[in-house]
file entry-v9.txt (compact mmCIF, C-alpha atoms and all ligand atoms)
# COMPACT_ATOMS: atom_id res chain seq x y z
CA MET H 217 44.58 -0.20 -6.44
CA SER H 218 44.77 1.95 -9.55
CA TYR H 219 47.39 4.18 -11.13
CA TYR H 220 45.19 7.04 -9.97
CA GLU H 221 46.33 6.38 -6.41
CA VAL H 222 49.97 6.55 -7.52
CA TYR H 223 49.21 9.79 -9.36
CA ARG H 224 47.64 11.28 -6.21
CA LYS H 225 50.93 10.76 -4.38
CA TYR H 226 52.80 12.77 -7.01
CA LYS H 227 50.11 15.40 -7.45
CA THR H 228 51.49 17.71 -4.80
CA PHE H 229 55.17 16.96 -5.46
CA PRO H 230 57.13 20.24 -5.86
CA PHE H 231 58.29 19.53 -9.42
CA GLN H 232 59.52 23.06 -10.14
CA THR H 233 61.66 23.22 -7.01
CA PHE H 234 63.11 19.79 -7.76
CA PHE H 235 63.96 20.81 -11.33
CA GLN H 236 65.53 24.11 -10.24
CA GLN H 237 67.75 22.39 -7.67
CA THR H 238 68.95 19.57 -9.95
CA THR H 239 72.46 20.06 -11.34
CA ALA H 240 74.32 18.54 -14.30
CA ALA H 241 76.37 16.52 -11.80
CA ASP H 242 73.13 15.06 -10.35
CA VAL H 243 72.08 14.00 -13.85
CA LEU H 244 75.42 12.33 -14.60
CA ARG H 245 75.29 10.51 -11.24
CA ALA H 246 71.79 9.21 -11.96
CA LEU H 247 72.86 8.18 -15.46
CA GLN H 248 75.64 5.96 -14.10
CA LYS H 249 73.23 3.79 -12.11
CA GLY H 250 72.26 0.42 -13.56
CA HIS H 251 68.71 0.33 -12.25
CA LYS H 252 67.17 3.80 -12.20
CA SER H 253 64.48 4.87 -9.75
CA PRO H 254 61.54 7.23 -10.38
CA ARG H 255 63.67 9.98 -8.81
CA ASP H 256 66.46 9.24 -11.30
CA PHE H 257 63.93 9.49 -14.15
CA LEU H 258 62.84 12.88 -12.88
CA THR H 259 66.48 13.93 -12.60
CA LEU H 260 67.07 12.98 -16.26
CA LEU H 261 64.09 15.14 -17.22
CA SER H 262 65.42 18.25 -15.48
CA PRO H 263 66.63 21.34 -17.41
CA ALA H 264 70.20 20.57 -16.28
CA ALA H 265 70.16 17.53 -18.58
CA GLN H 266 70.05 19.83 -21.59
CA GLU H 267 73.67 20.89 -21.11
CA PRO H 268 75.26 19.60 -24.34
CA GLN H 269 77.77 17.18 -22.77
CA VAL H 270 75.10 15.78 -20.43
CA LEU H 271 72.54 15.26 -23.18
CA GLU H 272 75.25 13.64 -25.31
CA ALA H 273 76.06 11.17 -22.49
CA MET H 274 72.36 10.34 -22.16
CA ALA H 275 72.03 9.91 -25.94
CA GLN H 276 74.97 7.48 -26.03
CA GLN H 277 73.49 5.36 -23.25
CA ALA H 278 70.04 5.46 -24.91
CA HIS H 279 71.55 4.35 -28.23
CA ARG H 280 73.36 1.42 -26.59
CA LEU H 281 70.30 0.29 -24.63
CA THR H 282 68.04 0.54 -27.69
CA GLU H 283 70.35 -1.71 -29.73
CA GLN H 284 70.74 -4.11 -26.81
CA ASN H 285 66.98 -4.53 -26.29
CA PHE H 286 65.45 -4.01 -29.73
CA GLY H 287 68.32 -4.64 -32.16
CA ARG H 288 68.63 -2.36 -35.16
CA THR H 289 64.95 -2.55 -36.04
CA ILE H 290 62.04 -0.15 -36.38
CA THR H 291 58.46 -1.47 -36.46
CA LEU H 292 56.15 0.24 -38.94
CA PHE H 293 52.41 0.71 -38.54
CA THR H 294 49.71 2.77 -40.20
CA PRO H 295 46.58 4.41 -38.80
CA LEU H 296 43.12 3.74 -40.23
CA TYR H 297 40.34 6.12 -39.23
CA LEU H 298 37.04 4.22 -39.35
CA ALA H 299 35.00 7.33 -38.49
CA ASN H 300 35.29 10.85 -37.16
CA PHE H 301 32.09 11.28 -35.16
CA CYS H 302 32.76 12.55 -31.66
CA GLU H 303 30.70 13.35 -28.56
CA ASN H 304 33.51 15.21 -26.83
CA ALA H 305 34.63 18.80 -26.94
CA CYS H 306 38.41 18.63 -26.47
CA VAL H 307 39.47 22.23 -27.06
CA TYR H 308 42.62 21.25 -29.00
CA CYS H 309 41.06 18.83 -31.54
CA GLY H 310 39.57 19.31 -34.99
CA PHE H 311 37.09 16.47 -34.43
CA ASN H 312 35.59 18.41 -31.47
CA ARG H 313 31.81 17.93 -31.66
CA HIS H 314 31.28 21.71 -31.96
CA ASN H 315 33.36 21.91 -35.13
CA THR H 316 31.35 21.98 -38.36
CA ILE H 317 33.41 19.46 -40.32
CA HIS H 318 32.22 16.73 -42.64
CA ARG H 319 31.58 13.59 -40.55
CA SER H 320 31.52 10.09 -41.91
CA LYS H 321 31.95 6.44 -41.02
CA LEU H 322 33.22 3.63 -43.23
CA THR H 323 30.76 0.96 -44.30
CA LEU H 324 31.92 -2.62 -43.81
CA ALA H 325 32.46 -2.87 -47.59
CA GLU H 326 34.71 0.20 -47.40
CA VAL H 327 36.58 -1.31 -44.45
CA GLU H 328 37.28 -4.35 -46.61
CA GLU H 329 38.68 -2.11 -49.37
CA GLU H 330 40.84 -0.25 -46.87
CA GLY H 331 42.21 -3.50 -45.45
CA ARG H 332 43.09 -4.74 -48.91
CA ALA H 333 44.80 -1.45 -49.81
CA ILE H 334 46.82 -1.42 -46.57
CA ARG H 335 47.99 -4.97 -47.21
CA GLU H 336 49.11 -3.93 -50.68
CA GLU H 337 51.10 -1.10 -49.08
CA GLY H 338 52.99 -3.83 -47.21
CA ILE H 339 52.04 -2.98 -43.62
CA ARG H 340 50.87 -5.71 -41.25
CA HIS H 341 50.36 -3.62 -38.09
CA ILE H 342 47.54 -1.09 -37.97
CA ILE H 343 45.87 1.14 -35.45
CA ILE H 344 42.18 1.82 -35.89
CA LEU H 345 40.61 5.06 -34.69
CA THR H 346 36.99 6.14 -34.57
CA GLY H 347 36.69 9.57 -32.98
CA GLU H 348 34.80 9.04 -29.73
CA SER H 349 31.11 8.42 -30.31
CA ARG H 350 29.54 5.36 -28.77
CA ALA H 351 26.33 6.07 -30.74
CA ALA H 352 28.02 6.26 -34.18
CA THR H 353 30.69 3.61 -33.61
CA PRO H 354 29.52 1.13 -30.96
CA PRO H 355 31.86 -1.67 -29.88
CA THR H 356 29.91 -4.13 -32.06
CA TYR H 357 30.76 -2.03 -35.16
CA MET H 358 34.43 -2.03 -34.14
CA ALA H 359 34.35 -5.81 -33.71
CA ASP H 360 32.81 -6.25 -37.19
CA CYS H 361 35.56 -4.06 -38.66
CA VAL H 362 38.28 -5.97 -36.79
CA ARG H 363 37.05 -9.33 -38.09
CA ILE H 364 37.27 -7.98 -41.66
CA LEU H 365 40.67 -6.33 -41.20
CA LYS H 366 42.16 -9.48 -39.65
CA LYS H 367 42.02 -11.02 -43.13
CA TYR H 368 44.59 -8.46 -44.27
CA VAL H 369 46.80 -7.57 -41.29
CA ASP H 370 48.32 -9.47 -38.37
CA SER H 371 48.13 -6.96 -35.54
CA ILE H 372 45.34 -4.51 -34.76
CA CYS H 373 45.53 -1.83 -32.10
CA ILE H 374 42.53 0.28 -31.07
CA GLU H 375 42.57 3.98 -30.22
CA VAL H 376 38.94 4.61 -29.27
CA TYR H 377 36.81 5.92 -26.38
CA SER H 378 36.91 4.27 -22.95
CA LEU H 379 35.18 0.88 -22.93
CA THR H 380 34.07 -1.44 -20.18
CA GLN H 381 36.12 -4.46 -19.15
CA GLU H 382 33.65 -6.72 -21.00
CA GLU H 383 33.87 -4.61 -24.16
CA TYR H 384 37.69 -4.69 -24.17
CA GLN H 385 37.41 -8.44 -23.74
CA MET H 386 34.92 -8.72 -26.61
CA LEU H 387 37.24 -6.79 -28.95
CA PHE H 388 40.17 -8.94 -27.84
CA GLU H 389 38.15 -12.01 -28.81
CA ALA H 390 37.44 -10.38 -32.20
CA GLY H 391 41.17 -10.04 -32.85
CA VAL H 392 42.41 -6.80 -31.27
CA ASP H 393 45.78 -7.19 -29.55
CA GLY H 394 46.91 -3.61 -28.94
CA PHE H 395 45.52 -0.60 -27.10
CA THR H 396 46.44 3.07 -27.30
CA MET H 397 44.99 5.80 -25.16
CA PHE H 398 46.50 9.17 -24.37
CA GLN H 399 45.63 10.71 -21.05
CA GLU H 400 46.21 14.03 -22.88
CA THR H 401 47.17 15.68 -19.58
CA TYR H 402 47.79 14.00 -16.24
CA ASN H 403 47.06 17.33 -14.55
CA GLU H 404 43.76 16.51 -12.86
CA ASP H 405 42.95 20.17 -12.22
CA LEU H 406 43.58 21.26 -15.80
CA TYR H 407 41.90 18.24 -17.42
CA PRO H 408 38.23 19.39 -17.06
CA THR H 409 38.98 22.76 -18.71
CA LEU H 410 40.48 21.05 -21.75
CA HIS H 411 37.70 18.44 -21.88
CA PRO H 412 34.65 20.52 -20.93
CA SER H 413 31.94 18.04 -21.92
CA GLY H 414 31.24 14.56 -23.20
CA PRO H 415 32.20 11.20 -21.68
CA LYS H 416 35.90 12.05 -21.89
CA HIS H 417 35.32 14.76 -19.28
CA ASP H 418 35.68 11.99 -16.67
CA TYR H 419 39.39 12.01 -15.76
CA ARG H 420 39.19 8.92 -13.59
CA THR H 421 37.59 6.74 -16.28
CA ARG H 422 40.28 7.78 -18.73
CA ILE H 423 43.21 7.12 -16.43
CA ASP H 424 41.88 3.66 -15.49
CA SER H 425 41.20 2.45 -19.06
CA PRO H 426 44.73 1.19 -19.89
CA GLU H 427 44.57 -1.14 -16.90
CA LEU H 428 41.30 -2.63 -18.18
CA ALA H 429 43.03 -3.42 -21.49
CA CYS H 430 45.89 -5.10 -19.59
CA ARG H 431 43.38 -7.20 -17.67
CA ALA H 432 41.69 -8.19 -20.93
CA GLY H 433 45.02 -9.69 -22.06
CA TYR H 434 46.10 -7.14 -24.68
CA HIS H 435 49.65 -7.74 -25.92
CA THR H 436 50.56 -4.03 -26.14
CA VAL H 437 49.33 -1.01 -24.22
CA ASN H 438 50.49 2.39 -25.44
CA LEU H 439 50.27 5.52 -23.25
CA GLY H 440 51.04 9.18 -23.75
CA ALA H 441 50.34 12.78 -22.88
CA LEU H 442 49.65 15.39 -25.52
CA LEU H 443 52.74 17.55 -25.20
CA GLY H 444 51.96 21.25 -25.11
CA LEU H 445 48.94 21.13 -22.80
CA ASP H 446 51.00 21.38 -19.60
CA ASP H 447 54.68 21.28 -18.55
CA TRP H 448 56.14 18.49 -20.73
CA ARG H 449 58.60 17.45 -18.00
CA LYS H 450 55.84 16.67 -15.52
CA GLU H 451 53.70 15.01 -18.17
CA THR H 452 56.58 12.79 -19.33
CA PHE H 453 57.37 11.79 -15.76
CA LEU H 454 53.74 10.90 -14.98
CA THR H 455 53.41 8.95 -18.24
CA GLY H 456 56.55 7.01 -17.31
CA MET H 457 55.14 6.30 -13.85
CA HIS H 458 51.91 5.07 -15.45
CA ALA H 459 53.92 2.71 -17.68
CA LEU H 460 55.97 1.52 -14.70
CA TYR H 461 52.80 0.81 -12.70
CA LEU H 462 51.39 -1.31 -15.55
CA MET H 463 54.70 -3.09 -16.29
CA ASN H 464 55.01 -4.12 -12.64
CA ARG H 465 51.44 -5.39 -12.39
CA TYR H 466 51.01 -6.90 -15.87
CA PRO H 467 54.33 -8.42 -16.95
CA GLY H 468 52.57 -10.21 -19.84
CA THR H 469 51.74 -6.88 -21.49
CA ASP H 470 54.31 -4.87 -23.45
CA CYS H 471 54.11 -1.20 -22.55
CA ALA H 472 54.82 1.57 -25.00
CA VAL H 473 54.74 5.35 -24.86
CA SER H 474 54.14 7.99 -27.50
CA LEU H 475 55.24 11.61 -27.43
CA PRO H 476 52.57 13.38 -29.48
CA ARG H 477 53.19 17.12 -29.77
CA ILE H 478 50.19 19.34 -30.48
CA ARG H 479 49.72 20.13 -34.16
CA PRO H 480 47.42 22.69 -35.78
CA CYS H 481 43.92 21.28 -36.26
CA VAL H 482 40.97 22.11 -38.49
CA GLY H 483 38.04 24.19 -37.30
CA GLU H 484 37.32 27.53 -35.79
CA GLY H 485 39.49 28.92 -32.99
CA CYS H 486 42.31 26.43 -33.44
CA TYR H 487 43.94 25.78 -30.03
CA ARG H 488 47.36 27.29 -29.40
CA PRO H 489 49.62 25.21 -27.14
CA ALA H 490 49.82 26.59 -23.62
CA CYS H 491 53.34 25.26 -23.09
CA ASP H 492 56.28 25.41 -25.42
CA VAL H 493 57.83 22.08 -26.48
CA GLN H 494 61.05 22.33 -28.50
CA ASP H 495 62.76 19.59 -30.52
CA ALA H 496 65.49 19.41 -27.85
CA ASP H 497 62.78 18.71 -25.25
CA ILE H 498 61.44 15.77 -27.27
CA VAL H 499 64.99 14.41 -27.68
CA GLN H 500 65.56 14.69 -23.93
CA ALA H 501 62.27 12.94 -23.16
CA VAL H 502 63.05 10.07 -25.58
CA VAL H 503 66.54 9.42 -24.21
CA ALA H 504 65.36 9.77 -20.59
CA TYR H 505 62.67 7.16 -21.23
CA ARG H 506 65.17 4.81 -22.82
CA CYS H 507 67.83 5.21 -20.12
CA CYS H 508 65.29 4.52 -17.35
CA PHE H 509 63.03 1.97 -19.11
CA PRO H 510 65.30 -0.09 -21.39
CA ARG H 511 62.53 -2.35 -22.72
CA LEU H 512 59.81 0.27 -23.18
CA ALA H 513 58.70 0.65 -26.81
CA ILE H 514 58.68 4.29 -27.96
CA THR H 515 56.47 5.51 -30.80
CA MET H 516 57.00 8.67 -32.84
CA SER H 517 54.11 9.75 -35.04
CA THR H 518 53.93 11.75 -38.24
CA ARG H 519 53.14 14.85 -36.21
CA GLU H 520 56.93 15.32 -36.42
CA THR H 521 58.96 16.22 -39.54
CA PRO H 522 60.85 13.63 -41.62
CA ASP H 523 64.27 14.98 -40.58
CA PHE H 524 63.39 14.96 -36.91
CA ARG H 525 61.89 11.47 -36.97
CA ASP H 526 64.96 10.16 -38.80
CA HIS H 527 67.20 11.80 -36.19
CA LEU H 528 65.34 10.01 -33.38
CA MET H 529 66.01 6.54 -34.83
CA GLY H 530 68.70 4.94 -32.72
CA LEU H 531 68.11 7.27 -29.77
CA GLY H 532 65.24 5.19 -28.42
CA VAL H 533 62.36 5.29 -30.88
CA THR H 534 61.26 1.79 -31.90
CA LYS H 535 57.95 2.33 -33.74
CA LEU H 536 57.13 4.72 -36.56
CA SER H 537 53.95 5.27 -38.51
CA ALA H 538 54.05 5.33 -42.31
CA GLY H 539 51.52 6.26 -44.97
CA SER H 540 49.61 8.14 -42.29
CA ILE H 541 46.21 9.61 -43.10
CA THR H 542 44.19 11.35 -40.41
CA GLU H 543 41.01 11.56 -42.52
CA VAL H 544 38.40 8.76 -42.52
CA GLY H 545 39.58 5.95 -44.82
CA GLY H 546 41.97 7.27 -47.44
CA HIS H 547 44.09 4.19 -48.13
CA ALA H 548 41.86 2.78 -50.88
CA HIS H 549 40.29 6.01 -52.17
CA PRO H 550 41.02 9.72 -51.70
CA PRO H 551 39.60 10.81 -48.33
CA LYS H 552 36.36 12.81 -48.29
CA THR H 553 36.65 14.33 -44.81
CA ASP H 554 38.96 16.73 -42.95
CA GLY H 555 41.86 15.30 -40.98
CA GLN H 556 42.10 15.27 -37.19
CA PHE H 557 45.33 17.28 -37.33
CA GLU H 558 47.97 18.24 -39.87
CA ILE H 559 50.71 15.68 -40.34
CA SER H 560 54.32 16.73 -40.94
CA ASP H 561 55.68 13.52 -42.45
CA SER H 562 53.68 12.23 -45.41
CA ARG H 563 56.14 9.50 -46.45
CA GLY H 564 54.61 6.24 -47.59
CA VAL H 565 55.77 2.76 -46.64
CA ALA H 566 58.46 2.47 -49.34
CA GLU H 567 59.96 5.84 -48.54
CA MET H 568 59.93 5.21 -44.77
CA SER H 569 61.53 1.82 -45.29
CA ALA H 570 64.31 3.41 -47.35
CA ALA H 571 64.90 6.03 -44.64
CA ILE H 572 65.10 3.32 -41.97
CA ARG H 573 67.60 1.32 -44.02
CA ALA H 574 69.65 4.47 -44.64
CA HIS H 575 70.01 4.67 -40.87
CA GLY H 576 71.42 1.14 -40.75
CA CYS H 577 68.20 -0.30 -39.35
CA GLN H 578 65.73 -2.87 -40.61
CA PRO H 579 62.07 -1.94 -41.15
CA VAL H 580 59.76 -4.52 -39.54
CA TYR H 581 56.32 -4.90 -41.08
CA LYS H 582 55.23 -7.69 -38.79
CA ASP H 583 56.68 -8.59 -35.40
CA TRP H 584 53.64 -10.06 -33.72
CA GLU H 585 50.75 -12.33 -34.59
CA PRO H 586 48.44 -13.77 -31.95
CA LEU H 587 47.92 -17.50 -32.14
CA SER H 588 44.46 -18.54 -33.18
CA ARG H 589 42.44 -19.80 -30.25
CA ASP H 590 41.96 -23.03 -32.24
CA ALA H 591 45.73 -23.59 -32.60
S1 LIG S 601 40.71 14.29 -29.16
FE1 LIG S 601 39.44 12.49 -29.54
S2 LIG S 601 37.78 12.70 -28.07
FE2 LIG S 601 38.70 14.72 -28.24
S3 LIG S 601 37.49 15.80 -29.79
FE3 LIG S 601 39.25 14.81 -30.80
S4 LIG S 601 38.49 12.84 -31.53
FE4 LIG S 601 37.04 13.63 -29.99

call {"tool": "encode", "arguments": {"input": "entry-v9.txt", "output": "structure tokens"}}
result
Amino acid sequence: MSYYEVYRKYKTFPFQTFFQQTTAADVLRALQKGHKSPRDFLTLLSPAAQEPQVLEAMAQQAHRLTEQNFGRTITLFTPLYLANFCENACVYCGFNRHNTIHRSKLTLAEVEEEGRAIREEGIRHIIILTGESRAATPPTYMADCVRILKKYVDSICIEVYSLTQEEYQMLFEAGVDGFTMFQETYNEDLYPTLHPSGPKHDYRTRIDSPELACRAGYHTVNLGALLGLDDWRKETFLTGMHALYLMNRYPGTDCAVSLPRIRPCVGEGCYRPACDVQDADIVQAVVAYRCCFPRLAITMSTRETPDFRDHLMGLGVTKLSAGSITEVGGHAHPPKTDGQFEISDSRGVAEMSAAIRAHGCQPVYKDWEPLSRDA
């Protein structure tokens, strides 16, 4: 069994007909249910839910459920790019192997400096990214970096290319406790066009990777679709179903979702989103997730503007990045490479913390630390 088999069942579902036939009354009925089914989730994602009084009712429920399950807290994390070499050719990304950008990879001494600088910023949760090149950044390099960074931070999440079960396990042993991978699009027919070559071309390997991380014992597994590649309503639904599949099978793993919206990238022929995604759509997706999955962590990245990210606090978002840099390194010294995409919110840790407090919430710099195996 794999989520792929669940996806296959939904692949031919008449989403557009369902959305067209769903009324505001259907949404309000679904909202009143305690336990919500996949059909209720789809109902909350329909265009009818954007009627102001309906969206307001969803927002109120999402706010209440967020406080009930997460308190008035927001967890902060920061990304650290270890490298930007990539063997793939994703048409929407500035790190695309065909782009003539400056490529680099941190030495272990530079990783140490970055770890020290991040600790001084006050953050204890990081996500490390590499681009996707097994040749330039093999799992053994990642493990060496993790062992260094563990001296400075308590929780390390990886966002890297698909690994084998044994490799996920090896990184877990080195100190990784979180996993992020975006399917980009769940549309199996569209996927090969957007990922024309490289290992990432294999849809099935990508969709099965989060389950390998769950099996390896990772504490957190974060999923997402890149919003703008296909109809955001379908993509949000299929991401939610992926999370539900993992939550049911791996209760020891905390599931999270991100809602990354395509941003302009560096390089020639910058990709233009095929599907429009408005702020109101992101709000609807966040509150629909929260109303249907009360304990699901929701991450909002610096792809979004400061005002919009602040607005989403309390509606369901529980994790925010701060001091984000999408170039290689950059925390200890000015970055020397191009970034993967343009960020919209450049606030550092102190400024983000102040914004969180201004919203009546508490910034959390550390909410998880794995016990040492010797403990
Ligand atoms: S999205 Fe990831 S895999 Fe695709 S080109 Fe960019 S860095 Fe490489």

call {"tool": "atom_distance", "arguments": {"input": "entry-v9.txt", "atom1": "CA of Ile364 in chain H", "atom2": "CA of Glu585 in chain H"}}
result
15.8 Å

call {"tool": "atom_distance", "arguments": {"input": "entry-v9.txt", "atom1": "CA of Glu400 in chain H", "atom2": "CA of Leu439 in chain H"}}
result
9.4 Å

call {"tool": "closest_residue", "arguments": {"input": "entry-v9.txt", "among": "H:Ile559, H:Ala273, H:Leu454, H:Ala441", "to": "ligand LIG 601 (chain S)", "atoms": "all atoms listed in the file"}}
result
H:Ala441

call {"tool": "residues_near_ligand", "arguments": {"input": "entry-v9.txt", "ligand": "ligand LIG 601 (chain S)", "cutoff": "6 Å", "atoms": "all atoms listed in the file", "output": "PyMOL selection string"}}
result
chain H and resi 302+304-306+309+311-312+347-348

call {"tool": "residues_around", "arguments": {"input": "entry-v9.txt", "residues": "Asp523 in chain H", "least_positions_apart": "6", "cutoff": "12 Å", "atoms": "only C-alpha atoms", "output": "list in words"}}
result
Asp495, Met529, Ser560, Asp561, Ser562, Arg563, Met568, Ala571, Ile572 and His575 of chain H
